[in-house]
4 protein chains.
Amino acid sequence: MGAPGSAELREAVWRANQAIVRAGLVTLSFGNASGVDRDGGFLLIKPSGMPYEELRPEHLVAVSLADGTVLGSDLRPSSDTPTHLVLYRRFADIGGVVHTHSTAATGWAQAGRSIPAFGTTHADHFHGPVPVTRPMSAAEVAGEYEAETGRVVVETPEAAGLAAAEMPAVLVASHGPFPWGADAGAAANNAIALEAVAAMARMTVELDPSTQPIPDFLAERHYRRKHGPDAYYGQQRR
Amino acid sequence: MGAPGSAELREAVWRANQAIVRAGLVTLSFGNASGVDRDGGFLLIKPSGMPYEELRPEHLVAVSLADGTVLGSDLRPSSDTPTHLVLYRRFADIGGVVHTHSTAATGWAQAGRSIPAFGTTHADHFHGPVPVTRPMSAAEVAGEYEAETGRVVVETPEAAGLAAAEMPAVLVASHGPFPWGADAGAAANNAIALEAVAAMARMTVELDPSTQPIPDFLAERHYRRKHGPDAYYGQQRR
Amino acid sequence: MGAPGSAELREAVWRANQAIVRAGLVTLSFGNASGVDRDGGFLLIKPSGMPYEELRPEHLVAVSLADGTVLGSDLRPSSDTPTHLVLYRRFADIGGVVHTHSTAATGWAQAGRSIPAFGTTHADHFHGPVPVTRPMSAAEVAGEYEAETGRVVVETPEAAGLAAAEMPAVLVASHGPFPWGADAGAAANNAIALEAVAAMARMTVELDPSTQPIPDFLAERHYRRKHGPDAYYGQQRR
Amino acid sequence: MGAPGSAELREAVWRANQAIVRAGLVTLSFGNASGVDRDGGFLLIKPSGMPYEELRPEHLVAVSLADGTVLGSDLRPSSDTPTHLVLYRRFADIGGVVHTHSTAATGWAQAGRSIPAFGTTHADHFHGPVPVTRPMSAAEVAGEYEAETGRVVVETPEAAGLAAAEMPAVLVASHGPFPWGADAGAAANNAIALEAVAAMARMTVELDPSTQPIPDFLAERHYRRKHGPDAYYGQQRR
């Protein structure tokens with residue numbers, strides 16, 4: 001019996017891993033993208049520490065959603081796998097998760113600041129400020145650190161009353177961004193958009209530290225152009 | 001009957017779309033370039049949400065200048081098409097329009113600041129500060145949002161008494177740059193110059209927040225080197 | 001009779017033009033590199049406004065050092081040619097000149113600030129702060145503008161008692177850098193080093209605005225490692 | 001008798017030199033990577049001033065650890081070779097040394113500031129703040145300058161009670177970074193990580209100058225994920 005994961009899913013998750021590299025979000029081997037097979041009950045994720053230029057779809061490691069065991073592979077999954085598992089378990093409607101240490105988003109995470117919605121690029125992807133988590137406690141870090149990281153990620157939009165699809169990214173304080181999406185490709189796109197938004201927001205506060213977030217009516221309009229029943233962006237059926 | 005648009009125009013508009021990508025102005029599929037056929041009464045524009053690497057000249061969507069209907073294509077035009085239409089209708093002498101969310105220009109737009117003319121790079125392309133629009137009202141955003149965006153774009157240089165050819169770009173507040181030009185290629189060049197100018201101006205205010213714009217005699221000299229009857233830049237007839 | 005300029009010189013000047021593009025110093029067609037044939041009494045320079053990707057060695061335009069006339073070409077030389085001519089005439093020991101609008105160096109030029117010698121990268125190439133010119137007067141700008149630009153360039157190191165070889169670059173206020181060197185390749189290297197030095201110096205003043213220039217004993221040591229009779233950098237004879 | 005250095009070591013050191021170029025850490029020919037053969041008693045290092053695009057594994061120069069003489073080569077070794085020698089002699093457990101003038105790390109070095117541990121990217125590679133050396137004295141600079149540079153490098157982690165493996169990089173004040181590692185590839189990875197960490201830390205202090213370093217329990221956890229007997233990152237045996 002071979003490793004689980006259809007050729008299509010393996011290809012899609014592999015493409016998402018390549019997309020974050022091509023977009024310049026990855027230094028060395030920091031960062032990973034995963035995708036989920038809900039019916040099969042497993043995720044596919046990048047092996048730990050493997051150089052991106054060597055990565056092939058067949059290297060992706062399948063890990064059980066139920067108990068976190070590796071399925072049909074001799075490779076270790078990313079050390080961040082327990083974080084991904086927590087996200088897939090709590091957010092039933094997501095299909096992909098990404099983690100990077102991209103420079104601008106990590107700059108905000110290290111400063112412990114949420115990224116305000118300063119413009120329409122932000123509003124096209126994120127419904128409100130991209131939140132930063134609270135600092136993790138010594139007990140959380142000493143315990144199941146990666147799973148606890150997942151727990152502070154999921155609690156953060158929930159504390160703000162936001163569904164996973166509305167706010168598809170969280171900045172882990174002192175660490176970096178965890179974006180997600182409907183599938184691995186959408187999660188990679190959100191990672192790329194987040195880095196662009198973080199770089200623009202940095203420049204905005206440099207140019208005018210008193211800049212206010214955009215009004216709700218503008219944020220809402222942009223968000224609805226791309227999301228939900230009235231979306232009119234892209235090549236949906238005309 | 002095929003889709004309208006000569007092979008030359010399709011090639012030129014396609015090249016302008018590729019130029020803004022190669023220059024690093026485009027994240028994901030944000031951004032678009034269009035060109036106009038005044039005699040034919042239509043513009044050609046990028047399809048909505050189509051990845052740039054898949055874009056071919058034949059994908060460009062023709063849209064009627066008169067009534068905004070799609071001509072001979074099953075693809076949706078860019079969701080920003082109504083903005084482009086307003087610009088082509090009001091500015092009779094322009095032949096190309098570009099929109100991007102390029103980082104530095106968008107940083108200024110999000111801070112709600114016009115870009116001062118701090119140097120000759122600026123003066124070579126823009127006749128005075130590149131203006132930022134007023135914020136759009138709730139009614140404008142709730143209504144024909146993209147067409148209203150075009151209206152605040154065109155009112156901005158007009159309020160300053162500037163012709164479209166003198167100030168070939170406006171920053172839409174909280175959104176990003178809309179440059180234009182005599183054709184799609186010129187509009188793309190103005191988009192590229194604007195991003196360079198925005199990045200340099202950011203650095204200039206960082207190094208000395210009290211920097212004053214260059215004097216009119218210098219701005220005028222540079223602008224006239226490249227524009228108008230006394231231009232002596234490039235390979236015009238000697 | 002063909003155009004003047006040996007194949008070797010044409011190749012060297014062409015390479016210098018390509019080097020400043022590859023190093024990211026050039027936006028659109030801003031920027032140019034020239035080289036001189038002192039015995040032949042002419043310089044070779046990039047044609048005005050020609051895209052770098054089309055440029056071939058045979059396109060370089062020969063211009064007489066004596067009277068500035070174009071020799072054996074139907075192409076217009078760069079509009080900055082009169083500036084290059086002034087530099088070659090005044091600085092008898094230089095063989096190449098470059099001009100760019102590279103972002104960081106232009107940021108300093110626009111802020112009207114000399115670049116302090118904050119580190120050894122600087123000292124390896126420039127003997128003291130890279131000076132910014134005084135602002136040009138209305139009369140200078142209205143007159144032979146490009147030749148007057150050359151005059152403020154040459155007066156700037158001279159006012160500081162520096163030989164051309166000691167300070168191979170000047171920032172023209174509100175404009176951008178003019179580096180030079182023993183030949184076109186050396187001028188391009190100084191342009192590249194200057195942009196790196198400008199970017200690092202910007203960061204240094206951001207991190208600590210009170211940073212002082214390095215002491216003379218360190219600057220001198222580094223400068224002498226690469227220049228003069230006691231140089232011991234590179235593959236000179238051992 | 002040929003030049004010393006196994007094909008494997010030459011290839012590894014050559015790859016490390018290429019890696020720092022590909023990662024954007026190198027301007028012109030600034031920067032070099034070396035690797036050591038402890039049994040053979042020599043290091044292999046880049047020739048002085050040789051362009052990276054011409055560099056081949058056979059060009060690497062072998063230099064005796066005992067007395068610094070060149071072994072079996074007509075090329076001059078990097079002018080920084082005496083610095084590398086001091087590091088290999090003092091730090092018995094390192095196998096590779098890198099030196100660059102990468103922009104962000106050099107910005108911190110020029111400002112004379114250590115890089116605080118603001119996040120987990122930092123903690124994954126460096127055990128505490130990356131220290132900056134004291135300024136070198138006039139006597140040190142006038143004497144065996146490159147060897148003295150090595151001496152201030154090695155005294156810096158030692159003064160803080162840190163082993164070479166815990167803090168595999170030092171910023172030389174007014175100069176730039178010297179990272180090292182278990183072999184040339186590890187040293188190059190530390191150089192790349194250091195530049196990323198320096199850029200993120202710059203952004204963090206811009207966004208909030210009062211940001212505090214991460215707590216020890218978090219730094220320790222991340223450092224131990226990748227280093228020492230309990231490491232669980234990468235493809236070690238499962």
# chains A, B, ... in the order shown; residues from 1 in each chain; ligands from 1

call {"tool": "residues_around", "arguments": {"residues": "Ala142 of chain C", "least_positions_apart": "4", "cutoff": "8 Å", "atoms": "only C-alpha atoms", "output": "list in words"}}
result
Phe217 and Arg221 of chain B; Ala138 of chain C

call {"tool": "select_by_dssp", "arguments": {"residues": "segment 24-189 of chain B", "states": "helix (DSSP H, G or I)", "output": "VMD selection string"}}
result
chain B and resid 57 to 59 81 to 90 103 to 111 120 to 125 138 to 142 145 to 159 184 to 189

call {"tool": "residues_around", "arguments": {"residues": "Gly176 of chain C", "least_positions_apart": "3", "cutoff": "6 Å", "atoms": "only C-alpha atoms", "output": "number ranges by chain"}}
result
C: 101, 106, 109, 171-172

call {"tool": "write_last_selection", "arguments": {"atoms": "N, CA, C and O atoms", "output": "short mmCIF file (atom, residue, chain, number, x, y, z; two decimals), in the first residue's frame"}}
result
data_model
loop_
_atom_site.label_atom_id
_atom_site.label_comp_id
_atom_site.auth_asym_id
_atom_site.auth_seq_id
_atom_site.Cartn_x
_atom_site.Cartn_y
_atom_site.Cartn_z
N HIS C 101 20.02 56.85 -11.37
CA HIS C 101 19.07 57.37 -10.37
C HIS C 101 18.79 56.25 -9.36
O HIS C 101 17.63 56.05 -8.97
N THR C 106 20.09 58.20 -4.59
CA THR C 106 19.24 59.34 -4.95
C THR C 106 18.47 59.86 -3.74
O THR C 106 18.22 61.07 -3.62
N ALA C 109 20.77 62.19 -2.18
CA ALA C 109 20.91 63.39 -3.03
C ALA C 109 19.69 64.29 -2.89
O ALA C 109 19.81 65.51 -2.83
N LEU C 171 27.20 63.30 -5.39
CA LEU C 171 25.74 63.31 -5.50
C LEU C 171 25.31 64.71 -5.96
O LEU C 171 25.62 65.69 -5.28
N VAL C 172 24.64 64.78 -7.09
CA VAL C 172 24.10 66.08 -7.50
C VAL C 172 22.81 66.31 -6.72
O VAL C 172 21.88 65.48 -6.78
#

call {"tool": "atom_distance", "arguments": {"atom1": "atom CA of Leu25 of chain A", "atom2": "atom CA of Val197 of chain A"}}
result
13.0 Å

call {"tool": "atom_distance", "arguments": {"atom1": "atom CA of Tyr223 of chain C", "atom2": "atom CA of Phe178 of chain D"}}
result
20.5 Å

call {"tool": "interface_residues", "arguments": {"of": "chain C", "to": "chain B", "cutoff": "6 Å", "atoms": "only C-alpha atoms", "output": "PyMOL selection string"}}
result
chain C and resi 48-49+79+103+107+110-111+174-175

call {"tool": "write_last_selection", "arguments": {"atoms": "C-alpha atoms", "output": "short mmCIF file (atom, residue, chain, number, x, y, z; two decimals), in the first residue's frame"}}
result
data_model
loop_
_atom_site.label_atom_id
_atom_site.label_comp_id
_atom_site.auth_asym_id
_atom_site.auth_seq_id
_atom_site.Cartn_x
_atom_site.Cartn_y
_atom_site.Cartn_z
CA SER C 48 19.57 58.64 -25.40
CA GLY C 49 16.48 56.75 -24.26
CA SER C 79 21.22 63.82 -23.00
CA THR C 103 17.18 54.51 -5.13
CA GLY C 107 17.44 59.41 -1.61
CA GLN C 110 17.28 64.47 -2.74
CA ALA C 111 17.67 65.09 0.98
CA SER C 174 17.96 66.95 -6.05
CA HIS C 175 19.16 64.71 -8.85
#

call {"tool": "closest_residue", "arguments": {"among": "A:Pro77, A:Pro57, A:Gly95, A:Gly31", "to": "Ala184 of chain A", "atoms": "only C-alpha atoms"}}
result
A:Gly95

call {"tool": "select_by_dssp", "arguments": {"residues": "segment 93-236 of chain A", "states": "strand (DSSP E)", "output": "list in words"}}
result
Gly96, Val97, Val98, His99, Ala169, Val170, Leu171, Val172, Gly176, Pro177, Phe178, Pro179, Trp180 and Gly181 of chain A

call {"tool": "write_last_selection", "arguments": {"atoms": "N, CA and C atoms", "output": "PDB file, in the first residue's frame"}}
result
ATOM      1  N   GLY A  96      -6.159  24.394   3.610  1.00  0.00           N
ATOM      2  CA  GLY A  96      -4.716  24.591   3.492  1.00  0.00           C
ATOM      3  C   GLY A  96      -4.202  25.513   4.584  1.00  0.00           C
ATOM      4  N   VAL A  97      -2.966  25.274   5.013  1.00  0.00           N
ATOM      5  CA  VAL A  97      -2.314  26.108   6.034  1.00  0.00           C
ATOM      6  C   VAL A  97      -0.877  26.382   5.574  1.00  0.00           C
ATOM      7  N   VAL A  98      -0.417  27.595   5.832  1.00  0.00           N
ATOM      8  CA  VAL A  98       0.944  27.972   5.482  1.00  0.00           C
ATOM      9  C   VAL A  98       1.602  28.591   6.714  1.00  0.00           C
ATOM     10  N   HIS A  99       2.901  28.419   6.819  1.00  0.00           N
ATOM     11  CA  HIS A  99       3.653  29.147   7.838  1.00  0.00           C
ATOM     12  C   HIS A  99       4.937  29.655   7.194  1.00  0.00           C
ATOM     13  N   ALA A 169      -5.601  34.559   8.626  1.00  0.00           N
ATOM     14  CA  ALA A 169      -4.202  34.644   9.054  1.00  0.00           C
ATOM     15  C   ALA A 169      -4.139  35.195  10.464  1.00  0.00           C
ATOM     16  N   VAL A 170      -3.137  34.735  11.191  1.00  0.00           N
ATOM     17  CA  VAL A 170      -2.840  35.261  12.522  1.00  0.00           C
ATOM     18  C   VAL A 170      -1.325  35.413  12.599  1.00  0.00           C
ATOM     19  N   LEU A 171      -0.897  36.463  13.294  1.00  0.00           N
ATOM     20  CA  LEU A 171       0.531  36.608  13.588  1.00  0.00           C
ATOM     21  C   LEU A 171       0.793  36.042  14.974  1.00  0.00           C
ATOM     22  N   VAL A 172       1.664  35.054  15.075  1.00  0.00           N
ATOM     23  CA  VAL A 172       2.035  34.558  16.401  1.00  0.00           C
ATOM     24  C   VAL A 172       3.102  35.501  16.959  1.00  0.00           C
ATOM     25  N   GLY A 176       5.840  34.658  13.952  1.00  0.00           N
ATOM     26  CA  GLY A 176       5.605  34.964  12.546  1.00  0.00           C
ATOM     27  C   GLY A 176       4.203  34.599  12.136  1.00  0.00           C
ATOM     28  N   PRO A 177       3.895  34.720  10.828  1.00  0.00           N
ATOM     29  CA  PRO A 177       2.531  34.537  10.339  1.00  0.00           C
ATOM     30  C   PRO A 177       2.136  33.075  10.116  1.00  0.00           C
ATOM     31  N   PHE A 178       0.885  32.775  10.412  1.00  0.00           N
ATOM     32  CA  PHE A 178       0.225  31.520  10.049  1.00  0.00           C
ATOM     33  C   PHE A 178      -1.027  31.843   9.246  1.00  0.00           C
ATOM     34  N   PRO A 179      -0.931  31.874   7.920  1.00  0.00           N
ATOM     35  CA  PRO A 179      -2.118  32.074   7.089  1.00  0.00           C
ATOM     36  C   PRO A 179      -2.760  30.729   6.713  1.00  0.00           C
ATOM     37  N   TRP A 180      -4.026  30.773   6.347  1.00  0.00           N
ATOM     38  CA  TRP A 180      -4.694  29.552   5.881  1.00  0.00           C
ATOM     39  C   TRP A 180      -5.661  29.910   4.754  1.00  0.00           C
ATOM     40  N   GLY A 181      -6.403  28.912   4.253  1.00  0.00           N
ATOM     41  CA  GLY A 181      -7.342  29.191   3.171  1.00  0.00           C
ATOM     42  C   GLY A 181      -8.136  27.953   2.819  1.00  0.00           C
TER      43      GLY A 181
END

call {"tool": "residues_around", "arguments": {"residues": "segment 156-165 of chain B", "least_positions_apart": "3", "cutoff": "12 Å", "atoms": "only C-alpha atoms", "output": "number ranges by chain"}}
result
B: 87-97, 114, 125-135, 149-153, 168-173, 178-183, 186-187, 190, 223, 227-228

call {"tool": "write_last_selection", "arguments": {"atoms": "N, CA and C atoms", "output": "compact mmCIF listing (two decimals), in the first residue's frame"}}
result
# COMPACT_ATOMS: atom_id res chain seq x y z
N LEU B 87 -11.82 57.17 -17.13
CA LEU B 87 -10.60 57.90 -17.49
C LEU B 87 -10.52 58.13 -19.00
N TYR B 88 -10.81 57.09 -19.78
CA TYR B 88 -10.73 57.25 -21.25
C TYR B 88 -11.77 58.25 -21.75
N ARG B 89 -12.94 58.27 -21.11
CA ARG B 89 -13.99 59.20 -21.57
C ARG B 89 -13.63 60.65 -21.25
N ARG B 90 -13.05 60.88 -20.09
CA ARG B 90 -12.78 62.25 -19.67
C ARG B 90 -11.47 62.80 -20.25
N PHE B 91 -10.49 61.94 -20.37
CA PHE B 91 -9.17 62.38 -20.84
C PHE B 91 -9.04 61.94 -22.30
N ALA B 92 -9.38 62.87 -23.21
CA ALA B 92 -9.49 62.50 -24.63
C ALA B 92 -8.15 62.15 -25.26
N ASP B 93 -7.05 62.60 -24.63
CA ASP B 93 -5.75 62.40 -25.28
C ASP B 93 -4.92 61.27 -24.68
N ILE B 94 -5.53 60.44 -23.83
CA ILE B 94 -4.75 59.32 -23.30
C ILE B 94 -5.08 58.05 -24.07
N GLY B 95 -4.12 57.12 -24.13
CA GLY B 95 -4.31 55.89 -24.87
C GLY B 95 -4.09 54.63 -24.03
N GLY B 96 -3.66 54.80 -22.79
CA GLY B 96 -3.41 53.65 -21.93
C GLY B 96 -3.62 54.00 -20.47
N VAL B 97 -4.07 53.03 -19.68
CA VAL B 97 -4.28 53.21 -18.24
C VAL B 97 -3.74 51.97 -17.53
N SER B 114 0.14 63.21 -0.84
CA SER B 114 0.68 63.42 -2.19
C SER B 114 2.19 63.22 -2.13
N HIS B 125 8.87 63.03 -15.14
CA HIS B 125 7.62 62.34 -15.47
C HIS B 125 6.37 63.07 -15.03
N PHE B 126 6.46 63.81 -13.92
CA PHE B 126 5.25 64.36 -13.31
C PHE B 126 5.44 65.84 -13.08
N HIS B 127 4.46 66.61 -13.46
CA HIS B 127 4.54 68.06 -13.42
C HIS B 127 3.96 68.56 -12.10
N GLY B 128 4.74 68.49 -11.06
CA GLY B 128 4.27 68.86 -9.72
C GLY B 128 4.08 67.61 -8.88
N PRO B 129 3.60 67.79 -7.62
CA PRO B 129 3.41 66.63 -6.75
C PRO B 129 2.37 65.67 -7.34
N VAL B 130 2.60 64.37 -7.17
CA VAL B 130 1.59 63.39 -7.62
C VAL B 130 0.48 63.41 -6.58
N PRO B 131 -0.71 63.83 -6.99
CA PRO B 131 -1.75 64.10 -5.99
C PRO B 131 -2.45 62.85 -5.50
N VAL B 132 -2.93 62.94 -4.27
CA VAL B 132 -3.77 61.89 -3.71
C VAL B 132 -5.21 62.41 -3.74
N THR B 133 -6.14 61.52 -4.00
CA THR B 133 -7.56 61.93 -4.05
C THR B 133 -8.07 62.23 -2.65
N ARG B 134 -9.19 62.91 -2.58
CA ARG B 134 -9.94 62.98 -1.31
C ARG B 134 -10.45 61.58 -0.98
N PRO B 135 -10.78 61.31 0.29
CA PRO B 135 -11.42 60.02 0.62
C PRO B 135 -12.77 59.92 -0.09
N THR B 149 -14.75 55.61 -8.37
CA THR B 149 -13.29 55.70 -8.23
C THR B 149 -12.71 56.48 -9.40
N GLY B 150 -13.17 56.16 -10.61
CA GLY B 150 -12.72 56.91 -11.78
C GLY B 150 -13.05 58.38 -11.67
N ARG B 151 -14.21 58.69 -11.11
CA ARG B 151 -14.60 60.12 -10.98
C ARG B 151 -13.68 60.87 -10.02
N VAL B 152 -13.33 60.26 -8.88
CA VAL B 152 -12.40 60.99 -7.99
C VAL B 152 -10.99 61.06 -8.59
N VAL B 153 -10.66 60.07 -9.42
CA VAL B 153 -9.36 60.17 -10.10
C VAL B 153 -9.35 61.39 -11.02
N PRO B 168 0.33 62.45 -15.24
CA PRO B 168 -0.22 61.17 -15.70
C PRO B 168 -0.34 60.11 -14.61
N ALA B 169 -0.75 60.51 -13.41
CA ALA B 169 -0.99 59.54 -12.35
C ALA B 169 -1.68 60.22 -11.18
N VAL B 170 -2.51 59.46 -10.51
CA VAL B 170 -3.17 59.91 -9.29
C VAL B 170 -3.10 58.75 -8.32
N LEU B 171 -2.93 59.07 -7.03
CA LEU B 171 -3.03 58.05 -5.98
C LEU B 171 -4.44 58.08 -5.42
N VAL B 172 -5.16 56.98 -5.50
CA VAL B 172 -6.48 56.93 -4.86
C VAL B 172 -6.25 56.65 -3.38
N ALA B 173 -6.76 57.55 -2.54
CA ALA B 173 -6.55 57.44 -1.09
C ALA B 173 -6.99 56.08 -0.58
N PHE B 178 -3.15 55.00 -9.92
CA PHE B 178 -3.71 54.87 -11.26
C PHE B 178 -2.91 55.77 -12.20
N PRO B 179 -1.90 55.23 -12.87
CA PRO B 179 -1.15 56.01 -13.87
C PRO B 179 -1.77 55.82 -15.25
N TRP B 180 -1.49 56.75 -16.15
CA TRP B 180 -1.94 56.63 -17.53
C TRP B 180 -0.88 57.18 -18.46
N GLY B 181 -1.17 57.18 -19.79
CA GLY B 181 -0.19 57.69 -20.73
C GLY B 181 -0.74 57.70 -22.14
N ALA B 182 0.10 58.10 -23.09
CA ALA B 182 -0.33 58.23 -24.48
C ALA B 182 -0.74 56.89 -25.07
N ASP B 183 -0.16 55.81 -24.56
CA ASP B 183 -0.58 54.46 -24.95
C ASP B 183 -0.30 53.53 -23.78
N ALA B 186 3.32 53.61 -22.50
CA ALA B 186 3.65 54.83 -21.76
C ALA B 186 3.02 54.81 -20.37
N ALA B 187 1.81 54.28 -20.28
CA ALA B 187 1.17 54.18 -18.96
C ALA B 187 1.96 53.25 -18.05
N ASN B 190 5.00 55.03 -16.84
CA ASN B 190 4.66 55.98 -15.77
C ASN B 190 4.41 55.25 -14.45
N TYR B 223 11.06 68.66 -16.95
CA TYR B 223 9.83 68.23 -17.62
C TYR B 223 9.91 68.55 -19.11
N HIS B 227 9.21 66.43 -22.58
CA HIS B 227 7.83 66.64 -23.03
C HIS B 227 7.71 67.94 -23.80
N GLY B 228 6.85 67.94 -24.82
CA GLY B 228 6.53 69.17 -25.53
C GLY B 228 7.48 69.43 -26.68
